[in-house]
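Q: Structure file protein.txt (compact mmCIF, C-alpha atoms) right here:
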# COMPACT_ATOMS: atom_id res chain seq x y z
CA MET X 1 0.00 0.00 0.00
CA ALA X 2 1.15 3.54 -0.71
CA PRO X 3 1.57 5.81 2.32
CA ARG X 4 -1.32 8.18 2.97
CA VAL X 5 -1.47 11.59 4.64
CA HIS X 6 -4.32 12.82 6.85
CA THR X 7 -4.65 16.29 8.33
CA LEU X 8 -6.40 16.78 11.66
CA ARG X 9 -8.61 19.81 12.24
CA ASN X 10 -5.87 21.67 14.11
CA GLY X 11 -3.27 21.15 11.37
CA VAL X 12 -1.42 18.12 12.75
CA ARG X 13 -0.57 15.81 9.86
CA VAL X 14 -0.59 12.03 10.16
CA VAL X 15 1.24 9.64 7.82
CA ALA X 16 0.40 5.94 7.67
CA ASP X 17 2.87 3.81 5.70
CA PRO X 18 2.03 0.09 6.00
CA MET X 19 4.84 -2.29 4.96
CA ASP X 20 3.99 -5.87 4.01
CA GLY X 21 5.73 -8.67 5.84
CA LEU X 22 6.95 -6.69 8.85
CA GLN X 23 6.38 -7.70 12.43
CA SER X 24 7.27 -4.34 13.96
CA CYS X 25 6.59 -0.65 13.40
CA ALA X 26 8.18 2.75 13.90
CA LEU X 27 6.51 5.92 15.11
CA SER X 28 8.04 9.38 14.72
CA VAL X 29 6.60 12.63 15.97
CA VAL X 30 8.51 15.32 14.10
CA ILE X 31 8.43 19.05 14.74
CA ARG X 32 9.49 21.61 12.17
CA GLY X 33 11.69 23.38 14.65
CA GLY X 34 15.16 23.08 16.08
CA ALA X 35 18.36 25.02 16.62
CA ARG X 36 17.62 27.32 13.69
CA TRP X 37 14.71 28.84 15.63
CA GLU X 38 16.99 29.92 18.47
CA THR X 39 18.36 33.38 19.16
CA GLU X 40 21.95 33.93 20.20
CA ALA X 41 20.72 34.05 23.81
CA THR X 42 18.78 30.76 23.54
CA SER X 43 21.41 28.79 21.62
CA GLY X 44 21.17 25.12 22.60
CA TRP X 45 17.66 25.33 24.03
CA SER X 46 16.07 23.03 21.42
CA HIS X 47 18.49 20.27 22.36
CA MET X 48 18.08 21.03 26.07
CA LEU X 49 14.29 20.82 25.67
CA GLU X 50 14.65 17.44 23.95
CA HIS X 51 16.61 16.24 27.00
CA MET X 52 14.14 17.70 29.47
CA VAL X 53 10.97 16.12 28.10
CA PHE X 54 12.47 12.72 28.93
CA LYS X 55 12.87 13.74 32.59
CA GLY X 56 9.13 13.53 33.03
CA ALA X 57 5.97 13.99 30.97
CA GLY X 58 2.27 13.53 31.64
CA SER X 59 1.95 11.37 34.75
CA ARG X 60 5.22 9.50 34.15
CA SER X 61 8.67 10.06 35.60
CA ALA X 62 11.84 9.64 33.55
CA ARG X 63 12.11 6.03 34.70
CA ASP X 64 8.43 5.36 34.06
CA ILE X 65 8.77 6.55 30.45
CA VAL X 66 11.58 4.20 29.48
CA GLU X 67 10.27 1.27 31.53
CA ALA X 68 6.82 1.53 29.93
CA VAL X 69 8.27 1.43 26.41
CA GLU X 70 10.85 -1.26 27.11
CA SER X 71 8.37 -3.49 28.94
CA GLU X 72 6.53 -3.75 25.59
CA GLY X 73 9.77 -4.66 23.80
CA GLY X 74 10.16 -1.17 22.34
CA HIS X 75 12.94 1.39 22.07
CA ILE X 76 12.59 5.15 22.47
CA ASN X 77 14.90 7.87 21.18
CA ALA X 78 15.00 11.47 19.99
CA ALA X 79 17.13 13.76 17.85
CA THR X 80 17.55 17.51 17.52
CA GLY X 81 18.76 19.13 14.30
CA TYR X 82 18.89 22.64 12.97
CA GLU X 83 15.46 22.47 11.35
CA ARG X 84 13.70 19.48 12.95
CA THR X 85 13.26 17.73 16.27
CA SER X 86 11.97 14.17 16.27
CA PHE X 87 10.82 11.73 18.92
CA GLN X 88 10.84 8.07 17.94
CA VAL X 89 9.63 4.70 19.16
CA ARG X 90 10.31 1.31 17.59
CA CYS X 91 7.86 -1.28 18.83
CA LEU X 92 5.70 -4.29 18.08
CA PRO X 93 2.24 -3.54 16.65
CA ASP X 94 0.51 -4.01 20.01
CA GLY X 95 2.80 -1.34 21.45
CA LEU X 96 1.64 1.42 19.09
CA PRO X 97 -1.11 2.81 21.38
CA LEU X 98 1.39 3.19 24.21
CA ALA X 99 3.95 4.71 21.83
CA VAL X 100 1.46 7.35 20.65
CA GLU X 101 0.43 8.10 24.24
CA ILE X 102 4.01 8.54 25.47
CA LEU X 103 5.21 10.62 22.53
CA ALA X 104 2.13 12.84 22.89
CA ASP X 105 3.05 13.36 26.54
CA LEU X 106 6.65 14.19 25.65
CA VAL X 107 5.61 16.72 23.02
CA ARG X 108 2.60 18.21 24.78
CA ARG X 109 2.96 17.73 28.53
CA PRO X 110 6.61 17.78 29.65
CA THR X 111 7.01 18.35 33.39
CA LEU X 112 10.07 20.60 33.05
CA ASP X 113 10.90 20.37 36.74
CA ALA X 114 13.34 23.05 37.95
CA GLU X 115 15.56 20.61 39.87
CA ASP X 116 15.68 18.26 36.87
CA LEU X 117 16.67 21.22 34.70
CA ALA X 118 19.58 22.11 36.95
CA ARG X 119 20.86 18.53 36.83
CA GLU X 120 20.32 18.16 33.11
CA LYS X 121 22.31 21.30 32.37
CA GLU X 122 25.29 19.57 33.98
CA VAL X 123 24.69 16.48 31.83
CA ILE X 124 24.59 18.60 28.67
CA LEU X 125 27.78 20.42 29.67
CA GLN X 126 29.46 17.02 29.87
CA GLU X 127 28.07 16.23 26.41
CA ILE X 128 29.52 19.51 25.12
CA ALA X 129 32.87 18.70 26.74
CA GLU X 130 32.86 15.24 25.18
CA ALA X 131 32.26 16.75 21.73
CA ALA X 132 35.02 19.31 22.29
CA ASP X 133 37.43 16.51 23.25
CA ALA X 134 36.64 14.63 20.01
CA PRO X 135 38.51 16.49 17.26
CA ASP X 136 36.54 14.85 14.46
CA ASP X 137 33.37 16.29 16.08
CA ARG X 138 34.82 19.66 17.06
CA VAL X 139 36.12 20.43 13.57
CA PHE X 140 32.63 20.22 12.08
CA ASP X 141 31.26 22.76 14.59
CA LEU X 142 34.15 25.07 13.74
CA ALA X 143 33.50 24.62 10.01
CA GLN X 144 29.79 25.36 10.45
CA ARG X 145 30.62 28.61 12.22
CA GLN X 146 33.09 29.56 9.51
CA ALA X 147 30.55 28.85 6.78
CA PHE X 148 27.51 30.65 8.21
CA GLY X 149 28.85 32.93 10.95
CA GLY X 150 28.43 32.76 14.72
CA ASP X 151 25.68 35.38 14.63
CA HIS X 152 23.42 33.06 12.60
CA PRO X 153 21.75 29.94 14.07
CA LEU X 154 23.27 27.70 11.38
CA GLY X 155 26.71 28.83 12.49
CA ARG X 156 26.20 27.91 16.13
CA PRO X 157 26.52 24.42 17.66
CA ILE X 158 23.26 22.54 18.22
CA LEU X 159 24.39 21.64 21.75
CA GLY X 160 24.77 25.30 22.72
CA GLU X 161 27.33 26.61 25.20
CA GLU X 162 27.41 27.11 28.96
CA PRO X 163 26.70 30.88 28.87
CA THR X 164 23.51 30.35 26.83
CA LEU X 165 22.29 27.30 28.75
CA ALA X 166 22.84 28.66 32.25
CA PRO X 167 20.12 31.39 32.20
CA ALA X 168 17.33 28.99 31.20
CA THR X 169 14.65 28.53 33.86
CA ARG X 170 11.65 26.27 34.07
CA ASP X 171 9.40 29.15 32.96
CA THR X 172 11.55 30.41 30.09
CA LEU X 173 12.05 26.90 28.74
CA ALA X 174 8.30 26.27 29.00
CA ALA X 175 7.66 29.44 26.97
CA PHE X 176 10.22 28.32 24.38
CA HIS X 177 8.47 24.93 24.21
CA ALA X 178 5.06 26.54 23.73
CA SER X 179 6.30 28.70 20.87
CA LEU X 180 8.02 25.88 18.98
CA TYR X 181 5.77 22.84 19.48
CA ALA X 182 2.67 24.04 17.64
CA PRO X 183 0.19 21.69 15.90
CA GLU X 184 0.69 23.13 12.42
CA ARG X 185 4.42 22.32 12.76
CA LEU X 186 3.87 18.73 13.89
CA ILE X 187 3.77 15.47 11.96
CA VAL X 188 2.87 12.03 13.33
CA SER X 189 4.43 9.46 11.02
CA ALA X 190 4.29 5.67 11.35
CA ALA X 191 5.63 2.91 9.12
CA GLY X 192 5.82 -0.88 9.24
CA ALA X 193 3.15 -3.13 10.70
CA VAL X 194 0.66 -0.25 10.97
CA ASP X 195 -3.10 -0.22 10.56
CA GLU X 196 -4.06 3.10 9.01
CA GLY X 197 -7.45 3.42 10.69
CA ALA X 198 -6.10 2.54 14.11
CA LEU X 199 -3.22 4.99 13.76
CA LEU X 200 -5.52 7.80 12.70
CA ALA X 201 -7.83 7.17 15.67
CA LEU X 202 -4.88 7.15 18.07
CA ALA X 203 -3.45 10.33 16.60
CA GLU X 204 -6.82 12.08 16.74
CA ALA X 205 -7.25 11.17 20.40
CA ALA X 206 -3.69 12.16 21.36
CA PHE X 207 -3.14 15.26 19.22
CA GLY X 208 -6.51 16.34 17.82
CA ASP X 209 -7.24 18.76 20.66
CA MET X 210 -3.77 20.34 20.64
CA PRO X 211 -4.38 24.11 20.64
CA ALA X 212 -2.59 26.59 18.44
CA SER X 213 0.28 28.39 20.12
CA SER X 214 -0.53 31.87 21.44
CA SER X 215 3.10 32.90 20.87
CA ALA X 216 4.22 30.95 17.80
CA ALA X 217 7.91 31.14 16.99
CA ALA X 218 8.79 33.48 14.14
CA GLU X 219 10.33 32.07 10.99
CA PRO X 220 14.11 31.81 11.32
CA PRO X 221 16.35 34.33 9.55
CA ALA X 222 17.47 33.60 6.01
CA ALA X 223 20.91 32.06 5.74
CA SER X 224 23.82 32.85 3.46
CA PHE X 225 27.19 31.20 3.04
CA ARG X 226 29.99 33.50 4.20
CA GLY X 227 33.18 31.45 4.19
CA GLY X 228 36.67 32.14 5.44
CA ALA X 229 39.58 30.27 6.98
CA TYR X 230 40.10 29.15 10.57
CA THR X 231 42.70 27.04 12.34
CA GLU X 232 42.78 25.72 15.89
CA ALA X 233 46.09 24.32 17.06
CA ARG X 234 45.99 21.26 19.29
CA ARG X 235 48.51 18.67 20.35
CA LEU X 236 47.10 15.81 18.33
CA GLU X 237 48.57 12.99 16.30
CA GLN X 238 46.50 13.91 13.27
CA ALA X 239 45.18 17.02 11.54
CA HIS X 240 41.45 17.20 10.87
CA LEU X 241 40.40 19.21 7.82
CA VAL X 242 36.93 20.32 6.73
CA PHE X 243 36.35 22.32 3.55
CA LEU X 244 32.89 23.66 2.66
CA LEU X 245 31.56 25.15 -0.57
CA PRO X 246 28.24 27.05 -0.88
CA GLY X 247 25.64 24.65 -2.22
CA VAL X 248 21.97 24.48 -3.10
CA SER X 249 19.04 24.04 -0.73
CA ALA X 250 16.87 20.97 -0.19
CA ARG X 251 14.18 22.54 -2.37
CA ASP X 252 16.45 23.47 -5.26
CA PRO X 253 15.95 21.70 -8.63
CA ASP X 254 19.66 20.86 -8.60
CA TYR X 255 19.40 19.00 -5.27
CA PHE X 256 20.09 15.57 -6.77
CA ALA X 257 22.79 16.89 -9.08
CA GLN X 258 24.55 18.20 -5.97
CA ARG X 259 24.15 14.83 -4.23
CA LEU X 260 25.71 13.16 -7.25
CA PHE X 261 28.57 15.69 -7.32
CA ALA X 262 29.46 14.88 -3.71
CA GLU X 263 29.20 11.15 -4.45
CA VAL X 264 31.62 11.30 -7.38
CA LEU X 265 33.97 13.57 -5.47
CA GLY X 266 34.25 11.57 -2.27
CA GLY X 267 31.30 9.27 -1.74
CA GLY X 268 33.04 5.91 -1.63
CA MET X 269 36.18 3.90 -2.24
CA SER X 270 36.01 4.45 -6.00
CA SER X 271 35.51 8.21 -5.64
CA ARG X 272 38.06 10.67 -6.96
CA LEU X 273 39.30 11.82 -3.56
CA PHE X 274 39.66 8.32 -2.11
CA GLN X 275 41.55 7.11 -5.13
CA LYS X 276 43.80 10.17 -5.51
CA ALA X 277 44.42 11.19 -1.89
CA ARG X 278 44.58 7.76 -0.28
CA GLU X 279 45.28 5.09 -2.87
CA GLU X 280 47.63 6.99 -5.19
CA GLN X 281 49.36 9.51 -2.92
CA GLY X 282 48.84 8.18 0.62
CA LEU X 283 47.95 11.62 1.96
CA ALA X 284 45.03 10.56 4.17
CA TYR X 285 43.54 7.50 5.80
CA ALA X 286 40.00 8.96 5.95
CA ILE X 287 38.67 11.29 3.28
CA ASP X 288 35.11 11.77 2.03
CA ALA X 289 32.66 14.29 0.66
CA TYR X 290 29.02 14.96 1.52
CA ALA X 291 26.13 17.29 0.68
CA GLU X 292 24.32 19.12 3.50
CA THR X 293 21.04 20.85 2.74
CA TYR X 294 18.64 23.10 4.63
CA GLU X 295 15.38 24.76 3.64
CA ASP X 296 17.04 27.73 1.91
CA VAL X 297 20.76 27.00 1.65
CA GLY X 298 23.20 24.13 1.40
CA ALA X 299 26.85 23.14 1.30
CA VAL X 300 29.13 20.51 -0.14
CA GLY X 301 31.72 19.45 2.39
CA ILE X 302 34.95 17.47 2.40
CA TYR X 303 36.51 15.92 5.49
CA ALA X 304 40.06 14.57 5.66
CA GLY X 305 42.11 13.19 8.51
CA THR X 306 45.81 13.40 7.71
CA ALA X 307 49.32 13.74 9.14
CA ALA X 308 50.24 17.37 9.76
CA ARG X 309 52.98 17.23 7.12
CA ASN X 310 50.41 16.12 4.54
CA ALA X 311 47.69 18.63 5.43
CA ALA X 312 48.62 21.35 2.93
CA PRO X 313 49.28 18.92 0.04
CA ALA X 314 45.96 17.21 0.78
CA ALA X 315 44.18 20.57 0.82
CA ARG X 316 45.61 21.53 -2.55
CA LEU X 317 44.70 18.15 -4.01
CA VAL X 318 41.10 18.50 -2.79
CA ALA X 319 40.80 21.94 -4.40
CA ALA X 320 42.24 20.64 -7.66
CA GLU X 321 39.85 17.68 -7.75
CA ILE X 322 36.83 19.88 -7.08
CA ALA X 323 37.79 22.15 -9.96
CA ALA X 324 38.48 19.23 -12.28
CA LEU X 325 35.17 17.56 -11.46
CA ALA X 326 33.28 20.82 -11.96
CA ALA X 327 34.74 20.95 -15.46
CA GLU X 328 33.95 17.36 -16.46
CA VAL X 329 32.48 14.11 -15.14
CA THR X 330 32.89 10.84 -17.01
CA PRO X 331 29.82 8.79 -17.98
CA ALA X 332 31.08 5.91 -15.82
CA GLU X 333 31.44 8.16 -12.76
CA LEU X 334 27.96 9.61 -13.21
CA ALA X 335 26.44 6.14 -13.64
CA ARG X 336 28.17 4.84 -10.53
CA ALA X 337 27.03 7.84 -8.48
CA LYS X 338 23.44 7.38 -9.62
CA ALA X 339 23.56 3.69 -8.67
CA GLN X 340 24.93 4.54 -5.21
CA VAL X 341 22.42 7.29 -4.47
CA LYS X 342 19.49 5.17 -5.67
CA ALA X 343 20.73 2.18 -3.67
CA ALA X 344 20.92 4.31 -0.54
CA LEU X 345 17.36 5.50 -1.19
CA PHE X 346 15.90 2.02 -1.63
CA MET X 347 17.97 0.37 1.12
CA GLY X 348 16.95 3.09 3.54
CA ARG X 349 13.30 2.38 2.77
CA GLU X 350 13.69 -1.12 4.17
CA SER X 351 13.84 0.48 7.64
CA PRO X 352 10.45 1.54 9.07
CA LEU X 353 12.05 4.32 11.09
CA ASN X 354 13.82 5.72 8.03
CA ARG X 355 10.55 5.67 6.11
CA ALA X 356 8.65 7.42 8.88
CA GLU X 357 11.31 10.12 9.15
CA GLN X 358 11.63 10.49 5.38
CA ALA X 359 7.89 11.00 4.97
CA ALA X 360 7.86 13.66 7.68
CA GLY X 361 10.77 15.45 6.02
CA GLN X 362 9.03 15.48 2.65
CA LEU X 363 5.87 16.95 4.14
CA ILE X 364 7.85 19.65 5.94
CA LEU X 365 9.70 20.67 2.80
CA PHE X 366 7.16 20.06 0.05
CA ASP X 367 3.73 19.46 1.66
CA ARG X 368 3.51 16.17 -0.23
CA LEU X 369 5.02 12.69 -0.39
CA PHE X 370 7.17 11.41 -3.23
CA THR X 371 7.25 7.86 -4.51
CA PRO X 372 10.64 6.14 -4.50
CA GLU X 373 10.20 5.51 -8.21
CA GLY X 374 9.67 9.22 -8.79
CA LEU X 375 12.80 10.09 -6.81
CA ALA X 376 14.80 7.46 -8.67
CA ALA X 377 13.62 9.00 -11.94
CA GLU X 378 14.81 12.44 -10.79
CA ILE X 379 18.21 10.98 -9.93
CA GLU X 380 18.41 9.24 -13.29
CA ALA X 381 17.43 12.43 -15.11
CA VAL X 382 20.57 14.28 -14.01
CA ASP X 383 22.82 14.54 -17.05
CA ALA X 384 26.34 15.81 -17.61
CA ALA X 385 25.02 19.31 -18.28
CA GLY X 386 23.14 19.41 -14.96
CA PHE X 387 26.18 18.02 -13.17
CA LYS X 388 28.38 20.73 -14.69
CA ARG X 389 25.84 23.40 -13.77
CA VAL X 390 26.10 22.39 -10.12
CA GLY X 391 29.87 22.50 -10.35
CA GLU X 392 29.65 26.03 -11.69
CA ARG X 393 27.27 27.04 -8.88
CA LEU X 394 29.60 25.59 -6.26
CA LEU X 395 32.61 27.43 -7.65
CA GLY X 396 30.90 30.52 -9.03
CA GLY X 397 32.34 32.96 -6.49
CA ARG X 398 35.30 30.82 -5.43
CA LEU X 399 33.80 31.14 -1.93
CA SER X 400 34.74 28.52 0.65
CA ALA X 401 35.10 27.80 4.35
CA ALA X 402 38.30 26.01 5.34
CA THR X 403 38.88 24.73 8.87
CA VAL X 404 41.88 22.93 10.31
CA LEU X 405 42.12 21.39 13.78
CA GLY X 406 45.35 19.75 14.86
CA PRO X 407 49.12 20.32 15.10
CA ALA X 408 50.19 23.90 14.49
CA LYS X 409 52.23 22.99 11.42
CA ALA X 410 49.02 21.79 9.73
CA GLY X 411 47.44 25.23 9.96
CA ALA X 412 48.67 26.32 6.54
CA ALA X 413 46.24 23.85 4.96
CA ALA X 414 43.28 26.25 5.34
CA GLU X 415 44.78 28.98 3.21
CA ALA X 416 46.40 26.39 0.93
CA PHE X 417 42.92 25.13 0.06
CA ARG X 418 41.46 28.58 -0.49
CA GLY X 419 44.43 29.69 -2.55
CA ALA X 420 44.38 26.58 -4.73
CA LEU X 421 40.62 26.92 -5.24
CA ALA X 422 40.94 30.56 -6.25
CA ALA X 423 43.69 29.71 -8.73
CA ALA X 424 41.96 26.66 -10.21
Written as structure tokens, how would this file's structure read?
A:
Amino acid sequence: MAPRVHTLRNGVRVVADPMDGLQSCALSVVIRGGARWETEATSGWSHMLEHMVFKGAGSRSARDIVEAVESEGGHINAATGYERTSFQVRCLPDGLPLAVEILADLVRRPTLDAEDLAREKEVILQEIAEAADAPDDRVFDLAQRQAFGGDHPLGRPILGEEPTLAPATRDTLAAFHASLYAPERLIVSAAGAVDEGALLALAEAAFGDMPASSSAAAEPPAASFRGGAYTEARRLEQAHLVFLLPGVSARDPDYFAQRLFAEVLGGGMSSRLFQKAREEQGLAYAIDAYAETYEDVGAVGIYAGTAARNAAPAARLVAAEIAALAAEVTPAELARAKAQVKAALFMGRESPLNRAEQAAGQLILFDRLFTPEGLAAEIEAVDAAGFKRVGERLLGGRLSAATVLGPAKAGAAAEAFRGALAAA
């Protein structure tokens, strides 16, 4: 059966995606809201709120929540991003009513106890410290700031920082929750062993009376790619490099062409960067490329982990390969990239949770669902001309963000990349 979308009277949308042959299901409650809706003063509050709803919601304590789900054989989780926050349960079909009830409590009726908040701030500070101690995490936060600027939500870390978390109180966090978790921004999405009628009845009972927010969050500010170079010296055994180019948004017609560009550049062991940087020149053990997209902007990124002495040569090689690929892609490379991107699409759809999340994302971005066959056709339709057009858009202003974290002698790699890109 094809997935179907229902809209409740208050604007909450419900997706039912039955999958033949499955003995389990996945439920996601997804909010169009996250770190991008924060001000500089409330940076990290979306993630902090995600933590806090698990400390107690409805009539259940933190322990009651997890014990109730796990006693039915289920698993509960959540994730905060820049533009979405999702709460998820994987369960057996008989556990769906409980899953809907608990996720409705988390989203609608968090306790937000003041003593819990004080303790959870300490937990989050440890999470921030852990990320700072992991150079291959830290370098991506630094690159994000370099790309979009620290005065824009996309340039700030999702986890926030101690000065922005400390002022939050029970009341201010409750007001932030009320502004962000509004019914018109909420999607209830289930996939797997799901009965459509039963799901719709459960969603209506749990979310149908959810009132509109009296202080709805304003739309986040538009984003633009700024770029620049940044180095952070640390006593490490390896240098961590991230290079970002301004890309297209998730809604852009060239979205799939950009995905394919990143795939050919550094998407696997047969990609240009893996073959040139690792196999032929031995400059890096880990090197890959990826495409990151948001509602109105995007980026193509490259990560490399390399010895400090190889950082600048690796940076120049990356710049040269980007320029060469923007000029020409071979038919074999384009065919391989299409096969990889389509395979990822179809393999991902074998997971109920992936399907539930994917459907919610499509509704948020496009107010409709796409068939996998339709998406595969869009991927297949990208030709060499479209691929080249994306390359030209990526390099049009020779704008980039280059970040290096590691031994001081690796620091020259940031400007080496930018200089090589400008000269290419």
Q: Might you pull out every residue within 9 Å of Leu92 (chain X), with only C-alpha atoms counted and same-chain residues fewer than 2 positions away left off, and present them as a PyMOL selection string?
A: chain X and resi 23-26+72-74+90+94-96+193
Q: Calculated over only C-alpha atoms, which of the candidates X:Lys338, X:Arg398, X:Arg235, X:Arg272 has the smallest distance to Ala381 (chain X)?
A: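 Using only C-alpha atoms, Ala381 (chain X) sits closest to X:Lys338.
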Q: Compile the contact shell of region 318-324 of chain X as number ranges by chain: residues with an atom at most 10 Å away, counting only C-alpha atoms, same-chain residues fewer than 4 positions apart removed.
A: X: 243, 245, 261-262, 265-266, 272-273, 276-277, 287, 302-304, 312-314, 328-329, 391-392, 394-395, 416-424
Q: When distances are computed from only C-alpha atoms, which of X:Ala218, X:Leu125, X:Leu142, X:Ala401 shows the smallest separation from Trp37 (chain X)?
A: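 Answer, going by the shortest atom-to-atom distance: X:Ala218.
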Q: Set out as a tab-separated table a contact list for region 264-355 of chain X and region 366-377 of chain X with a cut-off of 9 Å, giving each residue of region 264-355 of chain X that qualifies its closest atom pair and distance in Å to one decimal, counting all atoms listed in the file, ordered by chain and rising residue number.
A:
residue	atom	partner	partner_atom	distance
X:Lys338	CA	X:Ala376	CA	8.7
X:Val341	CA	X:Ala376	CA	8.7
X:Lys342	CA	X:Ala376	CA	6.0
X:Leu345	CA	X:Pro372	CA	7.5
X:Phe346	CA	X:Pro372	CA	7.3
X:Arg349	CA	X:Pro372	CA	8.6
Q: What's around Gly34 (chain X) at 7 Å? Count all atoms listed in the file, leave out sequence neighbours fewer than 2 positions away in its own chain, and write the answer as number ranges by chain.
A: X: 36-37, 46, 80-85
Q: Find, counting all atoms listed in the file, the residue in X:Asp64, X:His51, X:Glu101, X:Phe176 that gets nearest to Val123 (chain X).
A: X:His51
Q: List the spatial neighbours of Pro157 (chain X) as an MDAnalysis selection string - criterion: any atom at most 10 Å away, all atoms listed in the file, same-chain residues fewer than 6 positions off excluded.
A: chainID X and resid 35 43:44 81:82 128 138 140:142 144:145 150
Q: Could you write out the selected residues, including C-alpha atoms, as a PDB file, keeping the file's coordinate frame?
A:
ATOM      1  CA  ALA X  35      18.360  25.020  16.620  1.00  0.00           C
ATOM      2  CA  SER X  43      21.410  28.790  21.620  1.00  0.00           C
ATOM      3  CA  GLY X  44      21.170  25.120  22.600  1.00  0.00           C
ATOM      4  CA  GLY X  81      18.760  19.130  14.300  1.00  0.00           C
ATOM      5  CA  TYR X  82      18.890  22.640  12.970  1.00  0.00           C
ATOM      6  CA  ILE X 128      29.520  19.510  25.120  1.00  0.00           C
ATOM      7  CA  ARG X 138      34.820  19.660  17.060  1.00  0.00           C
ATOM      8  CA  PHE X 140      32.630  20.220  12.080  1.00  0.00           C
ATOM      9  CA  ASP X 141      31.260  22.760  14.590  1.00  0.00           C
ATOM     10  CA  LEU X 142      34.150  25.070  13.740  1.00  0.00           C
ATOM     11  CA  GLN X 144      29.790  25.360  10.450  1.00  0.00           C
ATOM     12  CA  ARG X 145      30.620  28.610  12.220  1.00  0.00           C
ATOM     13  CA  GLY X 150      28.430  32.760  14.720  1.00  0.00           C
TER      14      GLY X 150
END
Q: Generate the coordinates of N, CA and C atoms for region 225-237 of chain X; report them as a short mmCIF file (atom, residue, chain, number, x, y, z; two decimals), in the frame of the given file.
A:
data_model
loop_
_atom_site.label_atom_id
_atom_site.label_comp_id
_atom_site.auth_asym_id
_atom_site.auth_seq_id
_atom_site.Cartn_x
_atom_site.Cartn_y
_atom_site.Cartn_z
N PHE X 225 25.86 31.78 2.84
CA PHE X 225 27.19 31.20 3.04
C PHE X 225 28.22 32.33 3.03
N ARG X 226 29.03 32.40 4.07
CA ARG X 226 29.99 33.50 4.20
C ARG X 226 31.42 33.05 3.87
N GLY X 227 31.85 31.97 4.48
CA GLY X 227 33.18 31.45 4.19
C GLY X 227 34.28 32.12 4.97
N GLY X 228 35.51 31.65 4.73
CA GLY X 228 36.67 32.14 5.44
C GLY X 228 37.58 30.99 5.81
N ALA X 229 38.62 31.29 6.56
CA ALA X 229 39.58 30.27 6.98
C ALA X 229 39.77 30.35 8.49
N TYR X 230 39.90 29.18 9.12
CA TYR X 230 40.10 29.15 10.57
C TYR X 230 40.96 27.95 10.93
N THR X 231 41.88 28.15 11.84
CA THR X 231 42.70 27.04 12.34
C THR X 231 42.69 27.06 13.86
N GLU X 232 42.69 25.88 14.43
CA GLU X 232 42.78 25.72 15.89
C GLU X 232 43.89 24.71 16.17
N ALA X 233 44.95 25.19 16.79
CA ALA X 233 46.09 24.32 17.06
C ALA X 233 45.84 23.48 18.31
N ARG X 234 46.09 22.18 18.16
CA ARG X 234 45.99 21.26 19.29
C ARG X 234 47.10 20.23 19.19
N ARG X 235 47.49 19.72 20.33
CA ARG X 235 48.51 18.67 20.35
C ARG X 235 47.84 17.33 20.06
N LEU X 236 47.74 17.04 18.79
CA LEU X 236 47.10 15.81 18.33
C LEU X 236 48.05 15.05 17.42
N GLU X 237 47.76 13.80 17.21
CA GLU X 237 48.57 12.99 16.30
C GLU X 237 48.20 13.23 14.85
#
